[in-house]
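Novice: Have a look at this one.
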Amino acid sequence: MTAAGEVRWRVVGREGGSVVLVDLDAGLDEVRRERVGPDRWAVEAPAADPSARWVWSDTARWYPDLLAAGSVVARCQDLRLCHAILRASTLVPPAARADRSADAPGDASRDERWDAAPVDASSAVAPAGEPALFDLDDAPAAPVGVPDGIDDVLAEFRRQQDALRAASDPGRLRLLIAAESAGALLAAEMQAAGVPWSLDVHEGILEATLGARPTGGAAPARVQEVARAVRDALGDPAASLDSQPKLLRSLHRIGIHARSTSRWELAEYDHPVIAPLLEYKKLMRLMSANGWAWLDEWARGGRFRPVYVPGGVVTGRWASSGGGALQLPRALRPAVHADPGWTLVVADVAQLEPRVLAAMSGDLALAEAARGRDLYDGIVASGSIATRAEAKIAMLGAMYGATTGDSGRLVPALRRAYPRAMGLVDAAARTGDSGGAVTTWLGRSSAPAGSEWHEVQARAGGPDASDADRAQARRSAGDRGRFTRNFVVQGTAAEWALAWLADLRGLLAELPAVPVEQGAEASGPVFSRRAHLCFFLHDEIIVHAPLAQAEAVADAVARSAERAARLLFGGFPIDFPLDLRISIDAAKG
DNA sequence: TCTACAGGCGCG
DNA sequence: AAAGCGCGCCTGTAGA
C-alpha cells in the first residue's frame with residue numbers, strides 16, 4: 001500500500017438511518033467510505049489499521065457501543081471536546097478558531113451546535129425502549145448534544161485540523177487534543193469496567209458507624225442514640241436537627257449565638273451540645289451521601305460505576321455526574337476491593353500543582369526544593385519558611401490568591417524565595433482582574449470576562465459611581481484574578497495528569513490478557529481479562545490488575561509518570577514522585 | 001405541587 | 001478553623 005493510501009483517520013457519523021465510516025489518509029483525502037446498519041455498526045465495522053485515529057462527534061455517544069461489542073479504540077479525536085479547546089485557545093489566531101469557517105466568520109449557528117453539552121454517558125448505554133411519559137404528540141425529543149451527521153463531522157474535523165495548522169504552537173495543542181481525546185476514551189472505559197466494590201466491606205463500615213440497616217422509616221440505632229444526646233443537651237425533646245433555621249434557633253435559645261450551623265463555627269463553642277451535634281451531622285452525612293441507598297443505586301453487581309465528564313471543569317479537569325465519584329469519603333476507600341486473583345495498584349502524585357508551577361515557570365529554585373523529596377520539606381530546607389505546615393498553606397495561598405490570615409501573611413516569603421514561580425501566578429492574576437484570558441502550558445484558555453463584568457468595572461470608574469459600585473467592581477476583579485491565577489496551575493496539572501493517564505493506558509494495553517478462568521467477569525467483555533484503569537481523581541489513579549501482573553503494572557504507572565513529565569516539560573529538571581502501593585488486602589483474594 | 005436556591009460538607 | 005481555587009450531592013425551605 002502506498003503512503004498516500006494508508007488510513008490515518010477513521011471518521012464515523014450518521015447518514016439517513018445508517019452509520020457511515022470514512023477513512024482518510026494523512027492528507028485528509030478520502031480513501032474509503034462504508035455504510036453499516038445502525039444496530040450492528042459496532043460489530044460490523046471492520047478492524048481499522050490499529051494506528052488509525054477514530055474521529056467522532058462525542059466519545060460518550062459512540063464508544064460505549066464499541067466497548068459493548070468487545071472493541072477497544074487505541075486513539076481518537078473527540079470533536080466536541082476539541083472544539084471547546086480550539087475555539088477558545090489563545091494559541092489559535094481568532095480567524096482560525098474552530099467555531100468560524102473562513103467564508104462565514106460570523107456564522108454563530110455552527111458554533112452553538114458544537115458547543116452543545118455532552119450526552120449523559122449513562123443514557124448512551126441505556127436501552128432505548130423506555131417510552132417517554134408525555135410523548136403524546138409524537139414529537140421526538142429534541143436532539144441533544146453535538147451534530148453527528150457524517151458531513152457535519154467531516155467538516156468540523158477539517159476545521160479543527162486547519163485551526164491546529166494555524167496555531168502559533170501546533171505541537172502543544174496537538175498534544176492537548178490527543179490527551180483530551182484519550183481521556184474521553186478512558187472515561188468511557190472506566191465507566192464500563194467500574195470500580196471493584198466490596199458490598200460487605202461497605203456494609204460493615206455503615207453498620208459499625210451507624211448501626212444496623214434500619215427497616216422502614218426509622219433512623220439506625222446509633223443515629224437515634226446520638227440524636228437523643230443532642231436533644232437532651234438542647235433541653236428540647238422535639239428539637240429539629242435537620243432543619244438549619246430551626247437548629248440555629250434552638251442553639252440561640254441555649255446561649256450559643258452562632259450565625260451558621262457549619263461544623264467549623266460550632267466547634268468554636270464550648271458547650272455539652274457541641275460534641276454530640278457534630279457527631280450527629282457526621283453520621284447523617286455518611287448515611288445520606290454514601291449510605292444504604294447509595295449502595296443499592298451505585299454499587300450493584302460489585303462495581304461502582306460513576307459517570308465521568310471529561311473536560312467538565314473549565315480548567316480541563318474532569319467533572320462527574322451521578323454517584324459522586326469526586327467525593328468518595330476517604331473512610332469508604334477500603335470498600336474498593338480487588339476481585340479474587342486480582343489486585344489494585346493505587347498511585348497518587350505528591351504536590352502535583354506546585355511541581356507543575358515550578359516547571360511551567362522555569363523556576364529552578366522551586367524545582368530544586370521539590371526534587372527527590374516532599375516539596376514542602378524542601379521549601380523549609382531552603383530556609384525561606386520555618387515549618388512544613390506553614391510552607392503548605394503559603395503555597396496553597398499563592399496558588400489560590402489568599403490575601404488574609406496565616407496563608408496570606410506567608411505568601412511574601414515565597415515571593416522572595418521563588419520569584420519566577422510566584423511571578424507566573426501573580427501575572428495570571430493581573431491578567432484576570434483586568435478582564436483578560438489566560439492559557440495553560442498546552443494551550444487551554446480561560447474565557448475572557450463577559451460584558452456584564454466589564455459594565456460593573458465601567459460603572460465603578462464613572463463620575464457618579466457610589467462606594468458600593470466601587471466595592472463591587474473591586475470584588476469582581478479580585479474574584480476573576482483569583483480564578484485566572486488558579487486556572488493556569490490547575491489546568492496545567494490536569495494536562496499533566498491526562499498525559500500520564502494516556503501513556504499508562506497504552507502501556508497497560510501491551511500487557512498480555514490472562515486466561516479466561518482468571519477473569520474479573522464484572523469488568524465486562526473488554527476488561528475482564530486485562531489490567532485496566534478503574535478510577536481517576538485529579539492526581540490519583542487505581543488500576544485493577546491480575547495478581548501476577550502487579551509488579552509490571554506498578555512499573556508502568558511509574559514509567560508513565562516520568563514520561564508525562566518529559567512530554568510536557570522536556571529536559572526541565574522537575575520530578576513527580578508517586579505514592580504507589582500494591583493493595584495488600586487483595587493478597588487474601 | 002413543583003422548581004430553584006442556599007447551606008452544609010465530601011473530594012482534589 | 002477558614003482563609004484562597006475547582007467541583008457534586010443531599011436536605012429543607014422559599015417562591016412561583
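Order determines the names: the first chain of the C-alpha cells is A, the second B, and so forth; residues in each chain are numbered 1 upward, and ligands are numbered 1 upward as they are shown.
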Residues of chain A were defined as contacting chain B if any atom lay at most 10 Å from it, counting only C-alpha atoms (C1' of nucleotides); please report them as a list in words.

Specialist: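 Using only C-alpha atoms (C1' of nucleotides), chain A residues at most 10 Å from chain B: Gln244, Pro245, Ser260, Thr261, Ser262, Arg263, Lys281, Lys282, Arg285, Leu286, Ala289, Gly324, Ala325, Leu326, Gln327, Leu328, Pro329, Arg330, Leu537, His538, Asp539 and Glu540 of chain A.
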
Novice: Dump as an NGL selection string the residues of chain C that approach chain A to within 8 Å, counting only C-alpha atoms (C1' of nucleotides).

Specialist: :C and (1 or 3-12)

Novice: If I take CA of Val20 (chain A) and CA of Val43 (chain A), how far is one from the other in Å, to one decimal?

Specialist: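 A separation of 13.5 Å between them.
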
Novice: CA of Trp41 (chain A) to CA of Glu521 (chain A): how many Å, to one decimal?

Specialist: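 Those two atoms sit 24.7 Å apart.
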
Novice: Can you measure CA of Leu176 (chain A) to CA of Ile150 (chain A) for me? One decimal in Å is fine.

Specialist: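 CA of Ile150 (chain A) lies 24.4 Å from CA of Leu176 (chain A).
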
Novice: Mind the document's chain letters and residue numbers, and return as a ChimeraX atom specification the residues of region 188-366 of chain A that DSSP labels alpha helix (DSSP H).

Specialist: /A:188-193,199-210,221-234,244-253,263-266,274-290,292-298,352-361,364-366

Novice: Using only C-alpha atoms (C1' of nucleotides), which residues sit within 12 Å of Gly481 (chain A) once same-chain residues fewer than 5 positions away are excluded, as a PyMOL selection string?

Specialist: (chain A and resi 399-402+425-438+446+448-449+474-476+486-488) or (chain C and resi 4-5)

Novice: Residues near region 4-18 of chain A, anyone? I mean within 7 Å using only C-alpha atoms (C1' of nucleotides), not counting same-chain ones fewer than 3 positions away, as a list in words.

Specialist: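 With the cut-off at 7 Å, the set is Met1, Leu21, Val22, Asp23, Leu24, Asp25, Ala26, Val31, Arg35, Val36, Gly37, Pro38, Asp49, Ala52, Arg53, Trp54, Val55, Trp56, Asp148, Gly149, Ile150 and Val153 of chain A.
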
Novice: Please produce an output containing C-alpha atoms for each residue in the selection, written as an mmCIF file, in the first residue's frame.

Specialist:
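Written output follows (result_6.cif):
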```cif
data_model
loop_
_atom_site.group_PDB
_atom_site.id
_atom_site.type_symbol
_atom_site.label_atom_id
_atom_site.label_comp_id
_atom_site.auth_asym_id
_atom_site.auth_seq_id
_atom_site.Cartn_x
_atom_site.Cartn_y
_atom_site.Cartn_z
ATOM 1 C CA MET A 1 0.000 0.000 0.000
ATOM 2 C CA LEU A 21 -17.360 5.122 8.187
ATOM 3 C CA VAL A 22 -14.983 7.289 6.190
ATOM 4 C CA ASP A 23 -11.276 6.507 6.094
ATOM 5 C CA LEU A 24 -8.938 9.402 5.405
ATOM 6 C CA ASP A 25 -5.241 9.384 4.641
ATOM 7 C CA ALA A 26 -2.666 11.685 6.157
ATOM 8 C CA VAL A 31 -9.564 6.522 0.988
ATOM 9 C CA ARG A 35 -22.216 2.283 5.166
ATOM 10 C CA VAL A 36 -23.296 -0.006 8.021
ATOM 11 C CA GLY A 37 -26.536 -0.824 9.764
ATOM 12 C CA PRO A 38 -27.208 1.396 12.803
ATOM 13 C CA ASP A 49 -5.482 -0.084 10.988
ATOM 14 C CA ALA A 52 -5.637 4.904 12.819
ATOM 15 C CA ARG A 53 -7.380 7.504 14.917
ATOM 16 C CA TRP A 54 -11.133 7.358 15.188
ATOM 17 C CA VAL A 55 -12.854 10.704 14.723
ATOM 18 C CA TRP A 56 -16.342 11.161 16.103
ATOM 19 C CA ASP A 148 -23.215 13.597 14.366
ATOM 20 C CA GLY A 149 -24.182 13.603 10.701
ATOM 21 C CA ILE A 150 -21.215 12.407 8.685
ATOM 22 C CA VAL A 153 -18.479 15.643 11.384
#
```

Novice: Tell me which protein, DNA and RNA residues are within 9 Å of Thr209 (chain A), counting only C-alpha atoms (C1' of nucleotides), leaving out same-chain ones fewer than 5 positions away, and put them as a PyMOL selection string.

Specialist: chain A and resi 204+222-223+283+286

Novice: If you keep all heavy atoms, can you produce a file of those selected residues as an mmCIF file, in the first residue's frame?

Specialist:
```
data_model
loop_
_atom_site.group_PDB
_atom_site.id
_atom_site.type_symbol
_atom_site.label_atom_id
_atom_site.label_comp_id
_atom_site.auth_asym_id
_atom_site.auth_seq_id
_atom_site.Cartn_x
_atom_site.Cartn_y
_atom_site.Cartn_z
ATOM 1 N N GLY A 204 -20.242 -3.239 56.234
ATOM 2 C CA GLY A 204 -19.599 -3.339 57.542
ATOM 3 C C GLY A 204 -19.279 -1.973 58.121
ATOM 4 O O GLY A 204 -19.471 -1.713 59.319
ATOM 5 N N ARG A 222 -27.623 3.826 66.144
ATOM 6 C CA ARG A 222 -26.582 4.748 66.602
ATOM 7 C C ARG A 222 -26.993 6.205 66.332
ATOM 8 O O ARG A 222 -26.712 7.108 67.133
ATOM 9 C CB ARG A 222 -25.278 4.402 65.897
ATOM 10 C CG ARG A 222 -24.135 5.313 66.154
ATOM 11 C CD ARG A 222 -23.237 4.800 67.271
ATOM 12 N NE ARG A 222 -22.186 5.789 67.548
ATOM 13 C CZ ARG A 222 -22.189 6.602 68.598
ATOM 14 N NH1 ARG A 222 -23.139 6.521 69.499
ATOM 15 N NH2 ARG A 222 -21.225 7.476 68.762
ATOM 16 N N VAL A 223 -27.671 6.433 65.232
ATOM 17 C CA VAL A 223 -28.136 7.786 64.916
ATOM 18 C C VAL A 223 -29.172 8.243 65.937
ATOM 19 O O VAL A 223 -29.124 9.380 66.432
ATOM 20 C CB VAL A 223 -28.723 7.843 63.488
ATOM 21 C CG1 VAL A 223 -29.321 9.211 63.200
ATOM 22 C CG2 VAL A 223 -27.657 7.499 62.463
ATOM 23 N N LEU A 283 -22.703 11.523 61.143
ATOM 24 C CA LEU A 283 -23.433 10.281 60.844
ATOM 25 C C LEU A 283 -24.460 10.502 59.738
ATOM 26 O O LEU A 283 -24.601 9.684 58.828
ATOM 27 C CB LEU A 283 -24.113 9.751 62.106
ATOM 28 C CG LEU A 283 -23.209 9.359 63.278
ATOM 29 C CD1 LEU A 283 -24.039 8.754 64.408
ATOM 30 C CD2 LEU A 283 -22.139 8.383 62.831
ATOM 31 N N LEU A 286 -22.836 10.687 56.326
ATOM 32 C CA LEU A 286 -22.477 9.367 55.797
ATOM 33 C C LEU A 286 -23.713 8.640 55.289
ATOM 34 O O LEU A 286 -23.708 8.045 54.206
ATOM 35 C CB LEU A 286 -21.780 8.531 56.877
ATOM 36 C CG LEU A 286 -21.462 7.074 56.492
ATOM 37 C CD1 LEU A 286 -20.478 7.020 55.331
ATOM 38 C CD2 LEU A 286 -20.910 6.291 57.675
#
```

Novice: If DSSP is run on the backbone, what residues of region 207-320 of chain A are strand (DSSP E)? A reply as JSON, numbers by chain would be ideal.

Specialist: {"A": [303, 304, 308, 309, 319, 320]}
